[in-house]
Amino acid sequence: MVEAARRRGKGRSDDGRSGDRLFDKELDHLPPEARWREWMHRVEATIFAASEPVNHETLARIVGKSCSIDLLIGDIREELRGRPYDLVAVAGGWKHLTRPAYADAIGAAVGGNERAADLTQSEVLVLMCIGYFQPITRAELSSFFGKEISRDLIGHLRGAKLIASGPRSPTPGAPYTYVTTKQFLLEFGLDTLRDLPDFEALEDAGLLSKEKLLAGDIMPGFADDRDPGASAVGDK
């Protein structure tokens, strides 16, 4: 009790105002195994309590300087092996997620997992192209599909926070380009854009054809299927 009071007192400046909050990250007074276990608990608790993925920089604030966060995460995931949830790398951080095998059970108990965006097939295809070819303009997207991509379609993807404006294109008129967002990574369970399926692998598997994409033949009758009668308008 005396020691605890002394340490609390050191956290205050002479004028009585609260100083930097003391937090023992190093835990040198503990045996190595107990110290490691405490760091594991701190990291797992922080990730569990967070509503957004927690990145390495944030986790570094609660562990010692010599602690490897990657090794901590690995040990935590090993302990979670066989559990219905895991720590998953997503959107540049770590997040607790239930395993896909239990999606039906969760849906039956608490209802379906509402996605952030209710996308049409056309919107999914446009979003896929932005993901692979960003930064990309609306005109370039239209050339991919051989059909005008409407502002309404782009607006719906923006409203769902799946895409955002990128740098201005160096082409005449300097139109806006579009890029994917952190929400895009969260929505599709990706840590970084490098986790997108390899384009050539998709072609080899017959799931995607760049030639058809460029020729506008990827989906016959492609249009803004939210509003088939929508007129095409320019970006400017």
# chains A, B, ... in the order shown; residues from 1 in each chain; ligands from 1
>>> closest_atom_pairs(of="segment 95-131 of chain A", to="segment 135-147 of chain A", cutoff="8 Å", atoms="only C-alpha atoms", output="Markdown table")
| residue | atom | partner | partner_atom | distance |
| --- | --- | --- | --- | --- |
| A:Val126 | CA | A:Leu141 | CA | 7.2 |
| A:Cys129 | CA | A:Leu141 | CA | 7.4 |
| A:Ile130 | CA | A:Ile136 | CA | 6.4 |
>>> residues_around(residues="Met40 of chain A", least_positions_apart="3", cutoff="8 Å", atoms="only C-alpha atoms", output="MDAnalysis selection string")
chainID A and resid 36:37 43:44 72:73 75:76
>>> closest_residue(among="A:Leu196, A:Ile47, A:Leu119, A:Leu125", to="Gly159 of chain A", atoms="only C-alpha atoms")
A:Leu119
>>> closest_residue(among="A:His41, A:Val90, A:Leu193, A:Ala109", to="Gln134 of chain A", atoms="only C-alpha atoms")
A:Leu193
>>> select_by_dssp(residues="segment 94-144 of chain A", states="alpha helix (DSSP H)", output="list of chain:residue names")
A:Ala103, A:Asp104, A:Ala105, A:Ile106, A:Gly107, A:Ala108, A:Ala109, A:Val110, A:Gln121, A:Ser122, A:Glu123, A:Val124, A:Leu125, A:Val126, A:Leu127, A:Met128, A:Cys129, A:Ile130, A:Gly131, A:Tyr132, A:Phe133, A:Arg138, A:Ala139, A:Glu140, A:Leu141, A:Ser142, A:Ser143, A:Phe144
>>> select_by_dssp(residues="segment 34-181 of chain A", states="strand (DSSP E)", output="list in words")
Tyr85, Asp86, Leu87, Val88, Ala89, Val90, Gly93, Trp94, Lys95, His96, Leu97, Thr98, Ile136, Thr137, Ile163, Ala164, Ser165, Gly166, Pro167, Arg168, Tyr176, Thr177, Tyr178, Val179 and Thr180 of chain A
>>> residues_around(residues="segment 55-61 of chain A", least_positions_apart="5", cutoff="7 Å", atoms="only C-alpha atoms", output="count of residues only")
4
>>> closest_residue(among="A:Ala103, A:Ile154, A:Leu185, A:Leu30", to="Ala89 of chain A", atoms="only C-alpha atoms")
A:Leu185
>>> atom_distance(atom1="atom CA of Val179 of chain A", atom2="atom CA of Val124 of chain A")
14.2 Å
>>> residues_around(residues="Pro167 of chain A", least_positions_apart="2", cutoff="7 Å", atoms="only C-alpha atoms", output="number ranges by chain")
A: 165, 169, 176-177
